[in-house]
Amino acid sequence: PRVARLYAKAHPGERPLDPDEEVRADPSTSATAELDILDVLGPYLSYEYHVDVDFPGSSPWHTTRRGVIDLRSGSGQRVRDVFGDSAATRIAREGRNAFGLVRDSLARAEGRMTDNRRRAAAAIAGAQFDDRSFSLSDMDGSPTVTFMVPGRAEGRAGDGVELDPITGPGA
């Protein structure tokens with residue numbers, strides 16, 4: 001929505017495409033979003049959201065993040081909404097620690113990387129852990145939380161970093 005507002009402000013004479021209208025072969029501005037449903041665990045739906053933006057005069061960028069919606073209310077959830085404060089604190093701490101290990105590993109391997117991998121590693125190193133970017137799943141009957149550290153960069157570097165699942169309470 002933010003990108004659509006910016007475009008509308010910059011191009012007041014343009015109108016949105018109709019749902020069945022063809023897109024120009026080579027548009028000057030492009031913004032697309034895709035939503036993938038990952039899992040449904042009880043009343044919680046986990047999704048992954050991808051956005052690609054390409055504006056004239058700027059580098060194209062891509063971002064990916066995850067989220068959980070409570071199907072009963074339609075509201076977005078945080079880990080603490082699903083598991084309570086003490087379990088959420090432990091789960092988020094484990095997620096932050098896991099992302100720290102990823103960053104440390106990339107820093108140690110930087111000298112052995114190609115230029116493309118070095119750029120991707122730099123994008124990951126600049127990413128921020130976000131405890132709202134997660135999905136829920138089930139592993140052997142126990143709920144798990146899988147954090148995705150959102151990326152925002154050109155190409156695959158914007159995919160984000162999926163961390164290993166963390167077992168929730170009751171496991």
# chains A, B, ... in the order shown; residues from 1 in each chain; ligands from 1
$ residues_around --residues "A:Val51" --least-positions-apart "4" --cutoff "6 Å" --atoms "only C-alpha atoms" --output "PDB file with all heavy atoms, in the first residue's frame"
ATOM      1  N   THR A  32       5.298  -5.776  -6.915  1.00  0.00           N
ATOM      2  CA  THR A  32       4.470  -6.971  -6.797  1.00  0.00           C
ATOM      3  C   THR A  32       4.593  -7.538  -5.388  1.00  0.00           C
ATOM      4  O   THR A  32       5.611  -7.365  -4.718  1.00  0.00           O
ATOM      5  CB  THR A  32       4.887  -8.062  -7.813  1.00  0.00           C
ATOM      6  OG1 THR A  32       6.247  -8.436  -7.565  1.00  0.00           O
ATOM      7  CG2 THR A  32       4.737  -7.576  -9.244  1.00  0.00           C
ATOM      8  N   ALA A  33       3.542  -8.210  -4.973  1.00  0.00           N
ATOM      9  CA  ALA A  33       3.542  -8.876  -3.672  1.00  0.00           C
ATOM     10  C   ALA A  33       2.957 -10.269  -3.860  1.00  0.00           C
ATOM     11  O   ALA A  33       2.070 -10.476  -4.686  1.00  0.00           O
ATOM     12  CB  ALA A  33       2.719  -8.091  -2.662  1.00  0.00           C
ATOM     13  N   HIS A  62      13.996  -6.482  -2.964  1.00  0.00           N
ATOM     14  CA  HIS A  62      13.117  -7.613  -2.648  1.00  0.00           C
ATOM     15  C   HIS A  62      13.133  -7.770  -1.136  1.00  0.00           C
ATOM     16  O   HIS A  62      14.147  -7.544  -0.491  1.00  0.00           O
ATOM     17  CB  HIS A  62      13.670  -8.868  -3.336  1.00  0.00           C
ATOM     18  CG  HIS A  62      13.026 -10.142  -2.905  1.00  0.00           C
ATOM     19  ND1 HIS A  62      11.800 -10.531  -3.352  1.00  0.00           N
ATOM     20  CD2 HIS A  62      13.457 -11.111  -2.076  1.00  0.00           C
ATOM     21  CE1 HIS A  62      11.497 -11.703  -2.817  1.00  0.00           C
ATOM     22  NE2 HIS A  62      12.489 -12.075  -2.034  1.00  0.00           N
ATOM     23  N   THR A  63      12.010  -8.150  -0.578  1.00  0.00           N
ATOM     24  CA  THR A  63      11.973  -8.454   0.847  1.00  0.00           C
ATOM     25  C   THR A  63      11.055  -9.647   1.093  1.00  0.00           C
ATOM     26  O   THR A  63      10.112  -9.887   0.333  1.00  0.00           O
ATOM     27  CB  THR A  63      11.529  -7.244   1.701  1.00  0.00           C
ATOM     28  OG1 THR A  63      11.684  -7.562   3.090  1.00  0.00           O
ATOM     29  CG2 THR A  63      10.091  -6.872   1.447  1.00  0.00           C
TER      30      THR A  63
END
$ residues_around --residues "stretch 118-124 of chain A" --least-positions-apart "2" --cutoff "7 Å" --atoms "only C-alpha atoms" --output "PyMOL selection string"
chain A and resi 106+110+113-116+126-127+151+153+157
$ residues_around --residues "A:Gly42" --least-positions-apart "4" --cutoff "10 Å" --atoms "only C-alpha atoms" --output "list in words"
Asp70, Leu71, Leu136 and Ser137 of chain A
$ closest_residue --among "A:Gly100, A:His50, A:Tyr44, A:Gly111" --to "A:Asp81" --atoms "only C-alpha atoms"
A:Tyr44
$ residues_around --residues "stretch 130-133 of chain A" --least-positions-apart "3" --cutoff "6 Å" --atoms "only C-alpha atoms" --output "PDB file with C-alpha atoms, in the first residue's frame"
ATOM      1  CA  ARG A  65       9.044 -11.882   5.982  1.00  0.00           C
ATOM      2  CA  ARG A  66       6.769 -14.278   7.827  1.00  0.00           C
ATOM      3  CA  GLY A  67       3.784 -13.869  10.062  1.00  0.00           C
ATOM      4  CA  ARG A  78       3.354 -12.323  18.208  1.00  0.00           C
ATOM      5  CA  PHE A 147      11.933 -17.266  12.713  1.00  0.00           C
ATOM      6  CA  MET A 148      12.760 -15.657   9.386  1.00  0.00           C
TER       7      MET A 148
END
$ atom_distance --atom1 "atom CA of A:Gln128" --atom2 "atom CA of A:Asn97"
12.4 Å
$ atom_distance --atom1 "atom CA of A:Ser46" --atom2 "atom CA of A:Phe134"
7.9 Å
$ residues_around --residues "A:Ala4" --least-positions-apart "6" --cutoff "12 Å" --atoms "only C-alpha atoms" --output "count of residues only"
14
$ select_by_dssp --residues "stretch 1-92 of chain A" --states "helix (DSSP H, G or I)" --output "list in words"
Arg2, Val3, Ala4, Arg5, Leu6, Tyr7, Ala8, Lys9, Ala10, Val79, Arg80, Asp81, Val82, Phe83, Asp85, Ser86, Ala87, Ala88, Thr89, Arg90, Ile91 and Ala92 of chain A
$ select_by_dssp --residues "stretch 6-170 of chain A" --states "strand (DSSP E)" --output "number ranges by chain"
A: 30-41, 44-54, 61-70, 75-76, 134-139, 142-149, 151-153, 161-162, 166-167
$ closest_residue --among "A:Ala88, A:Leu101, A:Ala25, A:Leu45" --to "A:Ser75" --atoms "only C-alpha atoms"
A:Leu45
$ atom_distance --atom1 "atom CA of A:Asp159" --atom2 "atom CA of A:Glu21"
29.0 Å
$ closest_residue --among "A:Asp54, A:Pro1, A:Val145, A:Glu162" --to "A:Arg80" --atoms "only C-alpha atoms"
A:Val145
$ decode --residues "stretch 47-168 of chain A" --atoms "C-alpha atoms" --output "JSON list (two decimals), in the first residue's frame"
[["chain", "number", "residue", "atom", "x", "y", "z"],
["A", 47, "TYR", "CA", 2.32, -17.17, 5.94],
["A", 48, "GLU", "CA", 5.32, -15.87, 4.03],
["A", 49, "TYR", "CA", 5.10, -12.49, 2.31],
["A", 50, "HIS", "CA", 7.34, -11.50, -0.63],
["A", 51, "VAL", "CA", 7.58, -7.99, -2.12],
["A", 52, "ASP", "CA", 9.53, -6.93, -5.20],
["A", 53, "VAL", "CA", 9.88, -3.24, -6.11],
["A", 54, "ASP", "CA", 11.61, -1.62, -9.07],
["A", 55, "PHE", "CA", 11.45, 2.20, -9.47],
["A", 56, "PRO", "CA", 13.22, 4.24, -12.13],
["A", 57, "GLY", "CA", 16.39, 5.81, -10.79],
["A", 58, "SER", "CA", 16.82, 3.37, -7.89],
["A", 59, "SER", "CA", 18.06, -0.16, -7.38],
["A", 60, "PRO", "CA", 15.35, -2.82, -7.38],
["A", 61, "TRP", "CA", 14.78, -4.52, -4.04],
["A", 62, "HIS", "CA", 13.12, -7.61, -2.65],
["A", 63, "THR", "CA", 11.97, -8.45, 0.85],
["A", 64, "THR", "CA", 10.55, -11.52, 2.54],
["A", 65, "ARG", "CA", 9.04, -11.88, 5.98],
["A", 66, "ARG", "CA", 6.77, -14.28, 7.83],
["A", 67, "GLY", "CA", 3.78, -13.87, 10.06],
["A", 68, "VAL", "CA", 1.01, -15.65, 11.92],
["A", 69, "ILE", "CA", -2.69, -14.79, 11.93],
["A", 70, "ASP", "CA", -5.25, -16.00, 14.46],
["A", 71, "LEU", "CA", -8.07, -17.25, 12.23],
["A", 72, "ARG", "CA", -10.63, -16.67, 14.99],
["A", 73, "SER", "CA", -10.02, -12.92, 15.12],
["A", 74, "GLY", "CA", -8.07, -12.21, 11.92],
["A", 75, "SER", "CA", -5.38, -10.44, 13.95],
["A", 76, "GLY", "CA", -1.64, -10.76, 13.54],
["A", 77, "GLN", "CA", 0.10, -12.61, 16.33],
["A", 78, "ARG", "CA", 3.35, -12.32, 18.21],
["A", 79, "VAL", "CA", 5.08, -15.27, 19.84],
["A", 80, "ARG", "CA", 3.86, -14.06, 23.26],
["A", 81, "ASP", "CA", 0.25, -14.00, 21.99],
["A", 82, "VAL", "CA", 0.54, -17.70, 21.16],
["A", 83, "PHE", "CA", 2.72, -18.99, 24.03],
["A", 84, "GLY", "CA", 2.68, -16.38, 26.83],
["A", 85, "ASP", "CA", 5.39, -14.06, 28.10],
["A", 86, "SER", "CA", 7.93, -16.42, 29.70],
["A", 87, "ALA", "CA", 7.97, -18.93, 26.82],
["A", 88, "ALA", "CA", 8.09, -16.07, 24.28],
["A", 89, "THR", "CA", 11.10, -14.55, 26.04],
["A", 90, "ARG", "CA", 12.97, -17.88, 25.85],
["A", 91, "ILE", "CA", 11.98, -18.51, 22.22],
["A", 92, "ALA", "CA", 12.96, -14.99, 21.07],
["A", 93, "ARG", "CA", 16.29, -15.24, 22.95],
["A", 94, "GLU", "CA", 17.04, -18.57, 21.21],
["A", 95, "GLY", "CA", 16.14, -17.00, 17.86],
["A", 96, "ARG", "CA", 18.39, -13.98, 18.43],
["A", 97, "ASN", "CA", 21.24, -16.25, 19.52],
["A", 98, "ALA", "CA", 20.81, -18.46, 16.43],
["A", 99, "PHE", "CA", 20.93, -15.40, 14.16],
["A", 100, "GLY", "CA", 24.07, -14.20, 15.96],
["A", 101, "LEU", "CA", 25.70, -17.55, 15.16],
["A", 102, "VAL", "CA", 24.75, -17.17, 11.48],
["A", 103, "ARG", "CA", 26.29, -13.69, 11.38],
["A", 104, "ASP", "CA", 29.46, -14.92, 13.11],
["A", 105, "SER", "CA", 29.82, -17.83, 10.67],
["A", 106, "LEU", "CA", 29.44, -15.52, 7.68],
["A", 107, "ALA", "CA", 32.02, -13.09, 9.08],
["A", 108, "ARG", "CA", 34.54, -15.93, 9.54],
["A", 109, "ALA", "CA", 33.95, -17.22, 5.98],
["A", 110, "GLU", "CA", 34.02, -13.82, 4.24],
["A", 111, "GLY", "CA", 37.56, -14.21, 2.88],
["A", 112, "ARG", "CA", 36.61, -17.42, 1.05],
["A", 113, "MET", "CA", 33.45, -15.99, -0.59],
["A", 114, "THR", "CA", 32.80, -14.92, -4.16],
["A", 115, "ASP", "CA", 31.71, -11.30, -4.73],
["A", 116, "ASN", "CA", 28.04, -12.34, -5.04],
["A", 117, "ARG", "CA", 28.16, -14.30, -1.80],
["A", 118, "ARG", "CA", 29.99, -11.45, -0.08],
["A", 119, "ARG", "CA", 27.19, -9.03, -1.07],
["A", 120, "ALA", "CA", 24.56, -11.47, 0.20],
["A", 121, "ALA", "CA", 26.51, -11.92, 3.45],
["A", 122, "ALA", "CA", 26.71, -8.14, 3.88],
["A", 123, "ALA", "CA", 22.93, -7.88, 3.42],
["A", 124, "ILE", "CA", 22.42, -10.60, 6.04],
["A", 125, "ALA", "CA", 24.88, -8.93, 8.41],
["A", 126, "GLY", "CA", 22.88, -5.70, 8.11],
["A", 127, "ALA", "CA", 19.53, -7.42, 8.72],
["A", 128, "GLN", "CA", 17.74, -7.05, 12.05],
["A", 129, "PHE", "CA", 16.18, -9.92, 13.97],
["A", 130, "ASP", "CA", 12.43, -9.33, 14.23],
["A", 131, "ASP", "CA", 10.50, -11.55, 16.65],
["A", 132, "ARG", "CA", 7.29, -10.76, 14.70],
["A", 133, "SER", "CA", 8.63, -12.53, 11.58],
["A", 134, "PHE", "CA", 7.95, -16.17, 12.38],
["A", 135, "SER", "CA", 5.85, -19.16, 11.44],
["A", 136, "LEU", "CA", 4.34, -21.96, 13.49],
["A", 137, "SER", "CA", 4.51, -25.64, 12.71],
["A", 138, "ASP", "CA", 4.41, -29.02, 14.37],
["A", 139, "MET", "CA", 7.34, -31.35, 14.96],
["A", 140, "ASP", "CA", 6.50, -34.76, 16.40],
["A", 141, "GLY", "CA", 3.36, -33.39, 18.05],
["A", 142, "SER", "CA", 5.06, -30.33, 19.58],
["A", 143, "PRO", "CA", 4.56, -26.77, 18.34],
["A", 144, "THR", "CA", 7.62, -25.09, 16.85],
["A", 145, "VAL", "CA", 8.50, -21.50, 15.98],
["A", 146, "THR", "CA", 10.63, -20.81, 12.92],
["A", 147, "PHE", "CA", 11.93, -17.27, 12.71],
["A", 148, "MET", "CA", 12.76, -15.66, 9.39],
["A", 149, "VAL", "CA", 15.03, -12.66, 9.73],
["A", 150, "PRO", "CA", 13.56, -10.32, 7.09],
["A", 151, "GLY", "CA", 15.85, -9.33, 4.28],
["A", 152, "ARG", "CA", 15.65, -6.21, 2.14],
["A", 153, "ALA", "CA", 18.08, -6.08, -0.72],
["A", 154, "GLU", "CA", 18.46, -6.65, -4.41],
["A", 155, "GLY", "CA", 17.78, -10.20, -5.60],
["A", 156, "ARG", "CA", 18.22, -13.24, -3.38],
["A", 157, "ALA", "CA", 19.90, -11.18, -0.66],
["A", 158, "GLY", "CA", 16.40, -9.89, 0.15],
["A", 159, "ASP", "CA", 15.05, -13.38, 0.81],
["A", 160, "GLY", "CA", 15.83, -13.24, 4.50],
["A", 161, "VAL", "CA", 17.34, -15.90, 6.72],
["A", 162, "GLU", "CA", 15.29, -18.83, 7.91],
["A", 163, "LEU", "CA", 16.52, -20.06, 11.28],
["A", 164, "ASP", "CA", 16.15, -23.58, 12.66],
["A", 165, "PRO", "CA", 12.84, -24.37, 14.37],
["A", 166, "ILE", "CA", 12.60, -23.74, 18.11],
["A", 167, "THR", "CA", 10.36, -26.01, 20.16],
["A", 168, "GLY", "CA", 7.58, -24.24, 22.02]]
